[in-house]
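Asks: So I've got this file, work_32.json, and it contains JSON, N, CA and C atoms:
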```json
[["chain", "number", "residue", "atom", "x", "y", "z"],
["N", 1154, "MET", "N", 13.33, 2.99, 1.41],
["N", 1154, "MET", "CA", 12.00, 3.38, 1.00],
["N", 1154, "MET", "C", 11.11, 3.46, 2.24],
["N", 1155, "LYS", "N", 10.11, 4.33, 2.16],
["N", 1155, "LYS", "CA", 9.22, 4.53, 3.29],
["N", 1155, "LYS", "C", 7.78, 4.21, 2.90],
["N", 1156, "CYS", "N", 7.03, 3.71, 3.88],
["N", 1156, "CYS", "CA", 5.62, 3.41, 3.70],
["N", 1156, "CYS", "C", 4.95, 3.54, 5.06],
["N", 1157, "LYS", "N", 3.81, 4.21, 5.08],
["N", 1157, "LYS", "CA", 3.04, 4.37, 6.31],
["N", 1157, "LYS", "C", 1.66, 3.77, 6.11],
["N", 1158, "ILE", "N", 1.19, 3.07, 7.14],
["N", 1158, "ILE", "CA", -0.16, 2.50, 7.14],
["N", 1158, "ILE", "C", -0.91, 3.13, 8.31],
["N", 1159, "THR", "N", -2.08, 3.69, 8.04],
["N", 1159, "THR", "CA", -2.87, 4.29, 9.11],
["N", 1159, "THR", "C", -3.51, 3.20, 9.97],
["N", 1160, "ARG", "N", -3.99, 3.58, 11.12],
["N", 1160, "ARG", "CA", -4.63, 2.64, 12.04],
["N", 1160, "ARG", "C", -5.85, 1.98, 11.38],
["N", 1161, "ASN", "N", -6.68, 2.77, 10.70],
["N", 1161, "ASN", "CA", -7.87, 2.20, 10.03],
["N", 1161, "ASN", "C", -7.46, 1.15, 8.99],
["N", 1162, "ALA", "N", -6.47, 1.49, 8.17],
["N", 1162, "ALA", "CA", -6.03, 0.56, 7.12],
["N", 1162, "ALA", "C", -5.43, -0.70, 7.73],
["N", 1163, "ALA", "N", -4.63, -0.55, 8.77],
["N", 1163, "ALA", "CA", -4.00, -1.71, 9.40],
["N", 1163, "ALA", "C", -5.04, -2.67, 9.95],
["N", 1164, "LYS", "N", -6.09, -2.13, 10.54],
["N", 1164, "LYS", "CA", -7.15, -2.97, 11.10],
["N", 1164, "LYS", "C", -7.82, -3.82, 10.01],
["N", 1165, "VAL", "N", -8.12, -3.21, 8.88],
["N", 1165, "VAL", "CA", -8.76, -3.94, 7.78],
["N", 1165, "VAL", "C", -7.77, -4.92, 7.13],
["N", 1166, "LEU", "N", -6.54, -4.48, 6.91],
["N", 1166, "LEU", "CA", -5.53, -5.34, 6.30],
["N", 1166, "LEU", "C", -5.22, -6.55, 7.17],
["N", 1167, "ARG", "N", -5.14, -6.34, 8.46],
["N", 1167, "ARG", "CA", -4.78, -7.42, 9.38],
["N", 1167, "ARG", "C", -5.77, -8.58, 9.30],
["N", 1168, "THR", "N", -7.05, -8.30, 9.10],
["N", 1168, "THR", "CA", -8.04, -9.39, 9.02],
["N", 1168, "THR", "C", -7.76, -10.30, 7.83],
["N", 1169, "GLU", "N", -7.25, -9.72, 6.74],
["N", 1169, "GLU", "CA", -6.93, -10.52, 5.55],
["N", 1169, "GLU", "C", -5.57, -11.20, 5.67],
["N", 1170, "ILE", "N", -4.58, -10.47, 6.14],
["N", 1170, "ILE", "CA", -3.22, -10.99, 6.25],
["N", 1170, "ILE", "C", -3.15, -12.14, 7.25],
["N", 1171, "ASP", "N", -3.97, -12.09, 8.30],
["N", 1171, "ASP", "CA", -3.92, -13.10, 9.36],
["N", 1171, "ASP", "C", -4.65, -14.40, 9.02],
["N", 1172, "LYS", "N", -5.29, -14.47, 7.86],
["N", 1172, "LYS", "CA", -5.95, -15.72, 7.47],
["N", 1172, "LYS", "C", -4.89, -16.78, 7.21],
["N", 1173, "PRO", "N", -5.14, -18.03, 7.64],
["N", 1173, "PRO", "CA", -4.14, -19.10, 7.47],
["N", 1173, "PRO", "C", -3.66, -19.28, 6.03],
["N", 1174, "GLU", "N", -4.53, -19.11, 5.07],
["N", 1174, "GLU", "CA", -4.13, -19.30, 3.66],
["N", 1174, "GLU", "C", -3.21, -18.19, 3.16],
["N", 1175, "ASN", "N", -3.08, -17.11, 3.92],
["N", 1175, "ASN", "CA", -2.20, -16.00, 3.52],
["N", 1175, "ASN", "C", -0.92, -15.93, 4.35],
["N", 1176, "ALA", "N", -0.63, -17.00, 5.08],
["N", 1176, "ALA", "CA", 0.51, -17.01, 6.01],
["N", 1176, "ALA", "C", 1.85, -16.70, 5.33],
["N", 1177, "GLU", "N", 2.02, -17.10, 4.09],
["N", 1177, "GLU", "CA", 3.29, -16.90, 3.38],
["N", 1177, "GLU", "C", 3.32, -15.63, 2.54],
["N", 1178, "LEU", "N", 2.26, -14.82, 2.62],
["N", 1178, "LEU", "CA", 2.14, -13.66, 1.75],
["N", 1178, "LEU", "C", 2.36, -12.36, 2.52],
["N", 1179, "LYS", "N", 2.76, -11.34, 1.77],
["N", 1179, "LYS", "CA", 2.92, -9.99, 2.30],
["N", 1179, "LYS", "C", 2.08, -9.04, 1.44],
["N", 1180, "LEU", "N", 1.84, -7.86, 1.97],
["N", 1180, "LEU", "CA", 1.12, -6.84, 1.23],
["N", 1180, "LEU", "C", 2.03, -6.24, 0.17],
["N", 1181, "ARG", "N", 1.57, -6.22, -1.07],
["N", 1181, "ARG", "CA", 2.31, -5.58, -2.16],
["N", 1181, "ARG", "C", 1.54, -4.35, -2.61],
["N", 1182, "VAL", "N", 2.26, -3.23, -2.73],
["N", 1182, "VAL", "CA", 1.69, -2.01, -3.30],
["N", 1182, "VAL", "C", 2.45, -1.73, -4.59],
["N", 1183, "PHE", "N", 1.71, -1.37, -5.63],
["N", 1183, "PHE", "CA", 2.33, -1.16, -6.94],
["N", 1183, "PHE", "C", 1.68, 0.02, -7.64],
["N", 1184, "VAL", "N", 2.38, 0.53, -8.62],
["N", 1184, "VAL", "CA", 1.87, 1.63, -9.44],
["N", 1184, "VAL", "C", 1.07, 1.03, -10.59],
["N", 1185, "THR", "N", -0.20, 1.43, -10.69],
["N", 1185, "THR", "CA", -1.04, 0.94, -11.78],
["N", 1185, "THR", "C", -0.94, 1.85, -13.00],
["N", 1186, "HIS", "N", -0.70, 3.13, -12.75],
["N", 1186, "HIS", "CA", -0.62, 4.10, -13.84],
["N", 1186, "HIS", "C", 0.12, 5.33, -13.32],
["N", 1187, "ALA", "N", 1.08, 5.79, -14.06],
["N", 1187, "ALA", "CA", 1.81, 7.01, -13.69],
["N", 1187, "ALA", "C", 1.75, 7.99, -14.85],
["N", 1188, "HIS", "N", 1.48, 9.23, -14.52],
["N", 1188, "HIS", "CA", 1.51, 10.28, -15.54],
["N", 1188, "HIS", "C", 1.87, 11.59, -14.87],
["N", 1189, "GLY", "N", 2.69, 12.34, -15.57],
["N", 1189, "GLY", "CA", 3.13, 13.61, -15.03],
["N", 1189, "GLY", "C", 3.88, 13.42, -13.73],
["N", 1190, "ASP", "N", 3.42, 14.12, -12.71],
["N", 1190, "ASP", "CA", 4.13, 14.10, -11.44],
["N", 1190, "ASP", "C", 3.44, 13.25, -10.38],
["N", 1191, "HIS", "N", 2.51, 12.38, -10.80],
["N", 1191, "HIS", "CA", 1.84, 11.54, -9.80],
["N", 1191, "HIS", "C", 1.46, 10.18, -10.38],
["N", 1192, "ALA", "N", 1.03, 9.30, -9.49],
["N", 1192, "ALA", "CA", 0.71, 7.93, -9.89],
["N", 1192, "ALA", "C", -0.58, 7.48, -9.23],
["N", 1193, "HIS", "N", -1.13, 6.40, -9.76],
["N", 1193, "HIS", "CA", -2.27, 5.71, -9.17],
["N", 1193, "HIS", "C", -1.75, 4.35, -8.70],
["N", 1194, "TYR", "N", -2.34, 3.84, -7.62],
["N", 1194, "TYR", "CA", -1.78, 2.68, -6.95],
["N", 1194, "TYR", "C", -2.79, 1.54, -6.84],
["N", 1195, "GLY", "N", -2.24, 0.34, -6.71],
["N", 1195, "GLY", "CA", -3.02, -0.85, -6.42],
["N", 1195, "GLY", "C", -2.30, -1.65, -5.36],
["N", 1196, "MET", "N", -2.99, -2.65, -4.82],
["N", 1196, "MET", "CA", -2.34, -3.50, -3.83],
["N", 1196, "MET", "C", -2.94, -4.90, -3.88],
["N", 1197, "ASP", "N", -2.15, -5.85, -3.37],
["N", 1197, "ASP", "CA", -2.53, -7.25, -3.39],
["N", 1197, "ASP", "C", -1.67, -7.97, -2.37],
["N", 1198, "LEU", "N", -1.98, -9.21, -2.09],
["N", 1198, "LEU", "CA", -1.11, -10.06, -1.28],
["N", 1198, "LEU", "C", -0.26, -10.88, -2.22],
["N", 1199, "ASP", "N", 1.04, -11.00, -1.93],
["N", 1199, "ASP", "CA", 1.96, -11.64, -2.85],
["N", 1199, "ASP", "C", 3.17, -12.16, -2.09],
["N", 1200, "LYS", "N", 3.97, -12.97, -2.77],
["N", 1200, "LYS", "CA", 5.24, -13.43, -2.23],
["N", 1200, "LYS", "C", 6.34, -12.49, -2.70],
["N", 1201, "GLN", "N", 7.39, -12.40, -1.90],
["N", 1201, "GLN", "CA", 8.51, -11.55, -2.25],
["N", 1201, "GLN", "C", 9.19, -12.10, -3.50],
["N", 1202, "LYS", "N", 9.55, -11.19, -4.41],
["N", 1202, "LYS", "CA", 10.22, -11.54, -5.66],
["N", 1202, "LYS", "C", 11.52, -10.76, -5.77],
["N", 1203, "GLU", "N", 12.33, -11.19, -6.71],
["N", 1203, "GLU", "CA", 13.57, -10.46, -6.97],
["N", 1203, "GLU", "C", 13.24, -9.03, -7.37],
["N", 1204, "GLY", "N", 13.97, -8.09, -6.81],
["N", 1204, "GLY", "CA", 13.74, -6.68, -7.12],
["N", 1204, "GLY", "C", 12.78, -6.01, -6.15],
["N", 1205, "ASP", "N", 12.30, -6.76, -5.15],
["N", 1205, "ASP", "CA", 11.40, -6.20, -4.15],
["N", 1205, "ASP", "C", 12.18, -5.68, -2.95],
["N", 1206, "VAL", "N", 11.66, -4.64, -2.36],
["N", 1206, "VAL", "CA", 12.15, -4.14, -1.08],
["N", 1206, "VAL", "C", 11.04, -4.43, -0.07],
["N", 1207, "VAL", "N", 11.40, -4.99, 1.08],
["N", 1207, "VAL", "CA", 10.44, -5.23, 2.14],
["N", 1207, "VAL", "C", 10.55, -4.08, 3.14],
["N", 1208, "VAL", "N", 9.45, -3.35, 3.30],
["N", 1208, "VAL", "CA", 9.42, -2.21, 4.21],
["N", 1208, "VAL", "C", 8.57, -2.61, 5.42],
["N", 1209, "SER", "N", 9.18, -2.57, 6.59],
["N", 1209, "SER", "CA", 8.45, -2.85, 7.82],
["N", 1209, "SER", "C", 7.79, -1.56, 8.30],
["N", 1210, "THR", "N", 6.52, -1.67, 8.68],
["N", 1210, "THR", "CA", 5.79, -0.49, 9.15],
["N", 1210, "THR", "C", 5.61, -0.55, 10.66],
["N", 1211, "ASP", "N", 5.22, 0.57, 11.23],
["N", 1211, "ASP", "CA", 5.00, 0.63, 12.67],
["N", 1211, "ASP", "C", 3.72, -0.09, 13.10],
["N", 1212, "LYS", "N", 2.95, -0.59, 12.14],
["N", 1212, "LYS", "CA", 1.74, -1.35, 12.44],
["N", 1212, "LYS", "C", 1.98, -2.86, 12.39],
["N", 1213, "GLY", "N", 3.25, -3.26, 12.22],
["N", 1213, "GLY", "CA", 3.57, -4.68, 12.19],
["N", 1213, "GLY", "C", 3.22, -5.37, 10.88],
["N", 1214, "ILE", "N", 3.03, -4.61, 9.84],
["N", 1214, "ILE", "CA", 2.71, -5.16, 8.52],
["N", 1214, "ILE", "C", 3.87, -4.85, 7.58],
["N", 1215, "ASP", "N", 4.45, -5.90, 6.99],
["N", 1215, "ASP", "CA", 5.52, -5.71, 6.00],
["N", 1215, "ASP", "C", 4.91, -5.47, 4.63],
["N", 1216, "VAL", "N", 5.49, -4.54, 3.90],
["N", 1216, "VAL", "CA", 4.97, -4.15, 2.59],
["N", 1216, "VAL", "C", 6.05, -4.39, 1.54],
["N", 1217, "LEU", "N", 5.66, -5.04, 0.43],
["N", 1217, "LEU", "CA", 6.56, -5.26, -0.70],
["N", 1217, "LEU", "C", 6.44, -4.09, -1.66],
["N", 1218, "LEU", "N", 7.57, -3.47, -1.99],
["N", 1218, "LEU", "CA", 7.63, -2.38, -2.96],
["N", 1218, "LEU", "C", 8.69, -2.70, -3.99],
["N", 1219, "LYS", "N", 8.45, -2.34, -5.23],
["N", 1219, "LYS", "CA", 9.43, -2.57, -6.29],
["N", 1219, "LYS", "C", 10.60, -1.61, -6.11],
["N", 1220, "GLU", "N", 11.77, -2.18, -6.01],
["N", 1220, "GLU", "CA", 12.98, -1.39, -5.82],
["N", 1220, "GLU", "C", 13.16, -0.40, -6.97],
["N", 1221, "GLY", "N", 13.48, 0.84, -6.62],
["N", 1221, "GLY", "CA", 13.75, 1.86, -7.62],
["N", 1221, "GLY", "C", 12.52, 2.56, -8.16],
["N", 1222, "GLU", "N", 11.32, 2.17, -7.74],
["N", 1222, "GLU", "CA", 10.09, 2.83, -8.20],
["N", 1222, "GLU", "C", 9.86, 4.06, -7.34],
["N", 1223, "ASP", "N", 10.23, 5.21, -7.88],
["N", 1223, "ASP", "CA", 10.22, 6.47, -7.14],
["N", 1223, "ASP", "C", 8.85, 6.81, -6.56],
["N", 1224, "PHE", "N", 7.78, 6.54, -7.28],
["N", 1224, "PHE", "CA", 6.44, 6.88, -6.82],
["N", 1224, "PHE", "C", 5.99, 6.06, -5.61],
["N", 1225, "LEU", "N", 6.67, 4.95, -5.32],
["N", 1225, "LEU", "CA", 6.30, 4.13, -4.16],
["N", 1225, "LEU", "C", 6.96, 4.61, -2.87],
["N", 1226, "ASP", "N", 8.03, 5.33, -2.98],
["N", 1226, "ASP", "CA", 8.77, 5.79, -1.79],
["N", 1226, "ASP", "C", 8.01, 6.92, -1.12],
["N", 1227, "GLY", "N", 7.47, 6.66, 0.07],
["N", 1227, "GLY", "CA", 6.75, 7.68, 0.81],
["N", 1227, "GLY", "C", 5.24, 7.53, 0.77],
["N", 1228, "ILE", "N", 4.74, 6.38, 0.32],
["N", 1228, "ILE", "CA", 3.29, 6.21, 0.22],
["N", 1228, "ILE", "C", 2.65, 6.11, 1.60],
["N", 1229, "ILE", "N", 1.38, 6.48, 1.64],
["N", 1229, "ILE", "CA", 0.55, 6.33, 2.83],
["N", 1229, "ILE", "C", -0.68, 5.51, 2.42],
["N", 1230, "ILE", "N", -0.92, 4.43, 3.16],
["N", 1230, "ILE", "CA", -2.08, 3.57, 2.91],
["N", 1230, "ILE", "C", -3.10, 3.89, 3.98],
["N", 1231, "ASP", "N", -4.28, 4.31, 3.55],
["N", 1231, "ASP", "CA", -5.35, 4.66, 4.49],
["N", 1231, "ASP", "C", -6.60, 3.89, 4.11],
["N", 1232, "TYR", "N", -7.53, 3.82, 5.03],
["N", 1232, "TYR", "CA", -8.83, 3.21, 4.78],
["N", 1232, "TYR", "C", -9.88, 4.20, 5.25],
["N", 1233, "LEU", "N", -10.72, 4.64, 4.32],
["N", 1233, "LEU", "CA", -11.74, 5.64, 4.64],
["N", 1233, "LEU", "C", -13.12, 4.99, 4.68],
["N", 1234, "TYR", "N", -13.96, 5.51, 5.55],
["N", 1234, "TYR", "CA", -15.34, 5.04, 5.65],
["N", 1234, "TYR", "C", -16.32, 6.00, 5.00],
["N", 1235, "PHE", "N", -15.86, 7.22, 4.74],
["N", 1235, "PHE", "CA", -16.72, 8.23, 4.16],
["N", 1235, "PHE", "C", -15.90, 9.12, 3.24],
["N", 1236, "PRO", "N", -16.31, 9.57, 2.11],
["N", 1236, "PRO", "CA", -17.65, 9.43, 1.54],
["N", 1236, "PRO", "C", -17.90, 8.06, 0.92],
["N", 1237, "GLN", "N", -16.83, 7.33, 0.62],
["N", 1237, "GLN", "CA", -16.96, 5.98, 0.06],
["N", 1237, "GLN", "C", -15.97, 5.09, 0.79],
["N", 1238, "GLU", "N", -16.45, 3.92, 1.22],
["N", 1238, "GLU", "CA", -15.58, 3.03, 1.99],
["N", 1238, "GLU", "C", -14.57, 2.37, 1.08],
["N", 1239, "GLY", "N", -13.30, 2.36, 1.51],
["N", 1239, "GLY", "CA", -12.27, 1.68, 0.76],
["N", 1239, "GLY", "C", -10.88, 2.23, 1.05],
["N", 1240, "PHE", "N", -9.89, 1.56, 0.47],
["N", 1240, "PHE", "CA", -8.50, 1.96, 0.64],
["N", 1240, "PHE", "C", -8.16, 3.15, -0.25],
["N", 1241, "VAL", "N", -7.31, 4.02, 0.27],
["N", 1241, "VAL", "CA", -6.80, 5.16, -0.48],
["N", 1241, "VAL", "C", -5.29, 5.16, -0.28],
["N", 1242, "ILE", "N", -4.54, 5.16, -1.39],
["N", 1242, "ILE", "CA", -3.08, 5.20, -1.33],
["N", 1242, "ILE", "C", -2.63, 6.51, -1.96],
["N", 1243, "THR", "N", -1.88, 7.26, -1.20],
["N", 1243, "THR", "CA", -1.37, 8.54, -1.70],
["N", 1243, "THR", "C", 0.13, 8.62, -1.44],
["N", 1244, "ASN", "N", 0.77, 9.60, -2.06],
["N", 1244, "ASN", "CA", 2.19, 9.84, -1.83],
["N", 1244, "ASN", "C", 2.40, 11.35, -1.75],
["N", 1245, "PRO", "N", 2.18, 11.93, -0.56],
["N", 1245, "PRO", "CA", 2.35, 13.38, -0.41],
["N", 1245, "PRO", "C", 3.75, 13.87, -0.75],
["N", 1246, "SER", "N", 4.76, 13.02, -0.59],
["N", 1246, "SER", "CA", 6.12, 13.45, -0.91],
["N", 1246, "SER", "C", 6.32, 13.66, -2.40],
["N", 1247, "LYS", "N", 5.40, 13.13, -3.21],
["N", 1247, "LYS", "CA", 5.47, 13.31, -4.67],
["N", 1247, "LYS", "C", 4.35, 14.23, -5.17],
["N", 1248, "GLY", "N", 3.67, 14.89, -4.24],
["N", 1248, "GLY", "CA", 2.60, 15.80, -4.64],
["N", 1248, "GLY", "C", 1.28, 15.13, -4.85],
["N", 1249, "ASN", "N", 1.16, 13.83, -4.54],
["N", 1249, "ASN", "CA", -0.08, 13.09, -4.75],
["N", 1249, "ASN", "C", -0.82, 13.03, -3.42],
["N", 1250, "HIS", "N", -1.90, 13.79, -3.33],
["N", 1250, "HIS", "CA", -2.65, 13.86, -2.08],
["N", 1250, "HIS", "C", -4.02, 13.20, -2.20],
["N", 1251, "GLY", "N", -4.29, 12.51, -3.29],
["N", 1251, "GLY", "CA", -5.57, 11.84, -3.47],
["N", 1251, "GLY", "C", -5.95, 11.79, -4.94],
["N", 1252, "GLU", "N", -7.07, 11.11, -5.19],
["N", 1252, "GLU", "CA", -7.54, 10.94, -6.58],
["N", 1252, "GLU", "C", -7.96, 12.29, -7.15],
["N", 1253, "HIS", "N", -7.93, 12.36, -8.48],
["N", 1253, "HIS", "CA", -8.36, 13.59, -9.14],
["N", 1253, "HIS", "C", -9.40, 13.26, -10.18]]
```
Could you render the structure as structure tokens?

Replies:
Amino acid sequence: MKCKITRNAAKVLRTEIDKPENAELKLRVFVTHAHGDHAHYGMDLDKQKEGDVVVSTDKGIDVLLKEGEDFLDGIIIDYLYFPQEGFVITNPSKGNHGEH
């Protein structure tokens, strides 16, 4: 499985992941809702569970993904400052290029 984290997203995520109380946790990305040919995503900090795949990214952040969840393979995690500040998770390989 593949996952990419942009530089902006990594910077924001790193501040949370590096807190001492989160030392045993990894970033988890999950599908909150899937319909048709695309999905909506959420994320949280969590411990690895059975059925998880750990994907190492080039930003030094490991991401937990549910094994076999097709919509998670190829996601891109970004952090935008405009028009609204926040995380955006898309999967261009599945035709999902943003919210609709």

Asks: Could you please write out, as a PyMOL selection string, every residue of range 1157-1245 of chain N that DSSP assigns to strand (DSSP E)?

Replies: chain N and resi 1157-1158+1179-1188+1191-1199+1205-1209+1215-1219+1228-1233+1239-1243

Asks: How about saving the chosen residues, N, CA and C atoms kept, as a short mmCIF file (atom, residue, chain, number, x, y, z; two decimals), keeping the file's coordinate frame?

Replies:
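Result file selection.cif:
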```
data_model
loop_
_atom_site.label_atom_id
_atom_site.label_comp_id
_atom_site.auth_asym_id
_atom_site.auth_seq_id
_atom_site.Cartn_x
_atom_site.Cartn_y
_atom_site.Cartn_z
N LYS N 1157 3.81 4.21 5.08
CA LYS N 1157 3.04 4.37 6.31
C LYS N 1157 1.66 3.77 6.11
N ILE N 1158 1.19 3.07 7.14
CA ILE N 1158 -0.16 2.50 7.14
C ILE N 1158 -0.91 3.13 8.31
N LYS N 1179 2.76 -11.34 1.77
CA LYS N 1179 2.92 -9.99 2.30
C LYS N 1179 2.08 -9.04 1.44
N LEU N 1180 1.84 -7.86 1.97
CA LEU N 1180 1.12 -6.84 1.23
C LEU N 1180 2.03 -6.24 0.17
N ARG N 1181 1.57 -6.22 -1.07
CA ARG N 1181 2.31 -5.58 -2.16
C ARG N 1181 1.54 -4.35 -2.61
N VAL N 1182 2.26 -3.23 -2.73
CA VAL N 1182 1.69 -2.01 -3.30
C VAL N 1182 2.45 -1.73 -4.59
N PHE N 1183 1.71 -1.37 -5.63
CA PHE N 1183 2.33 -1.16 -6.94
C PHE N 1183 1.68 0.02 -7.64
N VAL N 1184 2.38 0.53 -8.62
CA VAL N 1184 1.87 1.63 -9.44
C VAL N 1184 1.07 1.03 -10.59
N THR N 1185 -0.20 1.43 -10.69
CA THR N 1185 -1.04 0.94 -11.78
C THR N 1185 -0.94 1.85 -13.00
N HIS N 1186 -0.70 3.13 -12.75
CA HIS N 1186 -0.62 4.10 -13.84
C HIS N 1186 0.12 5.33 -13.32
N ALA N 1187 1.08 5.79 -14.06
CA ALA N 1187 1.81 7.01 -13.69
C ALA N 1187 1.75 7.99 -14.85
N HIS N 1188 1.48 9.23 -14.52
CA HIS N 1188 1.51 10.28 -15.54
C HIS N 1188 1.87 11.59 -14.87
N HIS N 1191 2.51 12.38 -10.80
CA HIS N 1191 1.84 11.54 -9.80
C HIS N 1191 1.46 10.18 -10.38
N ALA N 1192 1.03 9.30 -9.49
CA ALA N 1192 0.71 7.93 -9.89
C ALA N 1192 -0.58 7.48 -9.23
N HIS N 1193 -1.13 6.40 -9.76
CA HIS N 1193 -2.27 5.71 -9.17
C HIS N 1193 -1.75 4.35 -8.70
N TYR N 1194 -2.34 3.84 -7.62
CA TYR N 1194 -1.78 2.68 -6.95
C TYR N 1194 -2.79 1.54 -6.84
N GLY N 1195 -2.24 0.34 -6.71
CA GLY N 1195 -3.02 -0.85 -6.42
C GLY N 1195 -2.30 -1.65 -5.36
N MET N 1196 -2.99 -2.65 -4.82
CA MET N 1196 -2.34 -3.50 -3.83
C MET N 1196 -2.94 -4.90 -3.88
N ASP N 1197 -2.15 -5.85 -3.37
CA ASP N 1197 -2.53 -7.25 -3.39
C ASP N 1197 -1.67 -7.97 -2.37
N LEU N 1198 -1.98 -9.21 -2.09
CA LEU N 1198 -1.11 -10.06 -1.28
C LEU N 1198 -0.26 -10.88 -2.22
N ASP N 1199 1.04 -11.00 -1.93
CA ASP N 1199 1.96 -11.64 -2.85
C ASP N 1199 3.17 -12.16 -2.09
N ASP N 1205 12.30 -6.76 -5.15
CA ASP N 1205 11.40 -6.20 -4.15
C ASP N 1205 12.18 -5.68 -2.95
N VAL N 1206 11.66 -4.64 -2.36
CA VAL N 1206 12.15 -4.14 -1.08
C VAL N 1206 11.04 -4.43 -0.07
N VAL N 1207 11.40 -4.99 1.08
CA VAL N 1207 10.44 -5.23 2.14
C VAL N 1207 10.55 -4.08 3.14
N VAL N 1208 9.45 -3.35 3.30
CA VAL N 1208 9.42 -2.21 4.21
C VAL N 1208 8.57 -2.61 5.42
N SER N 1209 9.18 -2.57 6.59
CA SER N 1209 8.45 -2.85 7.82
C SER N 1209 7.79 -1.56 8.30
N ASP N 1215 4.45 -5.90 6.99
CA ASP N 1215 5.52 -5.71 6.00
C ASP N 1215 4.91 -5.47 4.63
N VAL N 1216 5.49 -4.54 3.90
CA VAL N 1216 4.97 -4.15 2.59
C VAL N 1216 6.05 -4.39 1.54
N LEU N 1217 5.66 -5.04 0.43
CA LEU N 1217 6.56 -5.26 -0.70
C LEU N 1217 6.44 -4.09 -1.66
N LEU N 1218 7.57 -3.47 -1.99
CA LEU N 1218 7.63 -2.38 -2.96
C LEU N 1218 8.69 -2.70 -3.99
N LYS N 1219 8.45 -2.34 -5.23
CA LYS N 1219 9.43 -2.57 -6.29
C LYS N 1219 10.60 -1.61 -6.11
N ILE N 1228 4.74 6.38 0.32
CA ILE N 1228 3.29 6.21 0.22
C ILE N 1228 2.65 6.11 1.60
N ILE N 1229 1.38 6.48 1.64
CA ILE N 1229 0.55 6.33 2.83
C ILE N 1229 -0.68 5.51 2.42
N ILE N 1230 -0.92 4.43 3.16
CA ILE N 1230 -2.08 3.57 2.91
C ILE N 1230 -3.10 3.89 3.98
N ASP N 1231 -4.28 4.31 3.55
CA ASP N 1231 -5.35 4.66 4.49
C ASP N 1231 -6.60 3.89 4.11
N TYR N 1232 -7.53 3.82 5.03
CA TYR N 1232 -8.83 3.21 4.78
C TYR N 1232 -9.88 4.20 5.25
N LEU N 1233 -10.72 4.64 4.32
CA LEU N 1233 -11.74 5.64 4.64
C LEU N 1233 -13.12 4.99 4.68
N GLY N 1239 -13.30 2.36 1.51
CA GLY N 1239 -12.27 1.68 0.76
C GLY N 1239 -10.88 2.23 1.05
N PHE N 1240 -9.89 1.56 0.47
CA PHE N 1240 -8.50 1.96 0.64
C PHE N 1240 -8.16 3.15 -0.25
N VAL N 1241 -7.31 4.02 0.27
CA VAL N 1241 -6.80 5.16 -0.48
C VAL N 1241 -5.29 5.16 -0.28
N ILE N 1242 -4.54 5.16 -1.39
CA ILE N 1242 -3.08 5.20 -1.33
C ILE N 1242 -2.63 6.51 -1.96
N THR N 1243 -1.88 7.26 -1.20
CA THR N 1243 -1.37 8.54 -1.70
C THR N 1243 0.13 8.62 -1.44
#
```

Asks: Can you tell me, as a ChimeraX atom specification, which residues sit within 6 Å of (-0.7, 2.2, -6.1) in the file's frame, using all atoms listed in the file?

Replies: /N:1182-1185,1193-1196

Asks: Might you pull out every residue within 8 Å of Lys1212 in chain N, with all atoms listed in the file counted and same-chain residues fewer than 4 positions away left off, and present them as a VMD selection string?

Replies: chain N and resid 1157 to 1160 1163

Asks: Excluding Asn1175 in chain N and residues on its chain fewer than 6 positions from it, collect all residues at most 10 Å away from it, counting only C-alpha atoms, and give them as a list in words.

Replies: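 Non-adjacent residues within range: Glu1169, Leu1198, Asp1199 and Lys1200 of chain N.
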
Asks: Go ahead and save the residues from that selection, with N, CA and C atoms, as a compact mmCIF listing (two decimals), in the coordinates of the input.

Replies:
```
# COMPACT_ATOMS: atom_id res chain seq x y z
N GLU N 1169 -7.25 -9.72 6.74
CA GLU N 1169 -6.93 -10.52 5.55
C GLU N 1169 -5.57 -11.20 5.67
N LEU N 1198 -1.98 -9.21 -2.09
CA LEU N 1198 -1.11 -10.06 -1.28
C LEU N 1198 -0.26 -10.88 -2.22
N ASP N 1199 1.04 -11.00 -1.93
CA ASP N 1199 1.96 -11.64 -2.85
C ASP N 1199 3.17 -12.16 -2.09
N LYS N 1200 3.97 -12.97 -2.77
CA LYS N 1200 5.24 -13.43 -2.23
C LYS N 1200 6.34 -12.49 -2.70
```

Asks: Quick one: pull the distance between atom N of Ala1187 in chain N and atom C of Phe1224 in chain N, Å, one decimal.

Replies: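 Atom C of Phe1224 in chain N lies 9.8 Å from atom N of Ala1187 in chain N.
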
Asks: One decimal, Å: what's the distance from CA of Glu1177 in chain N over to CA of Gln1201 in chain N, could you say?

Replies: 9.4 Å
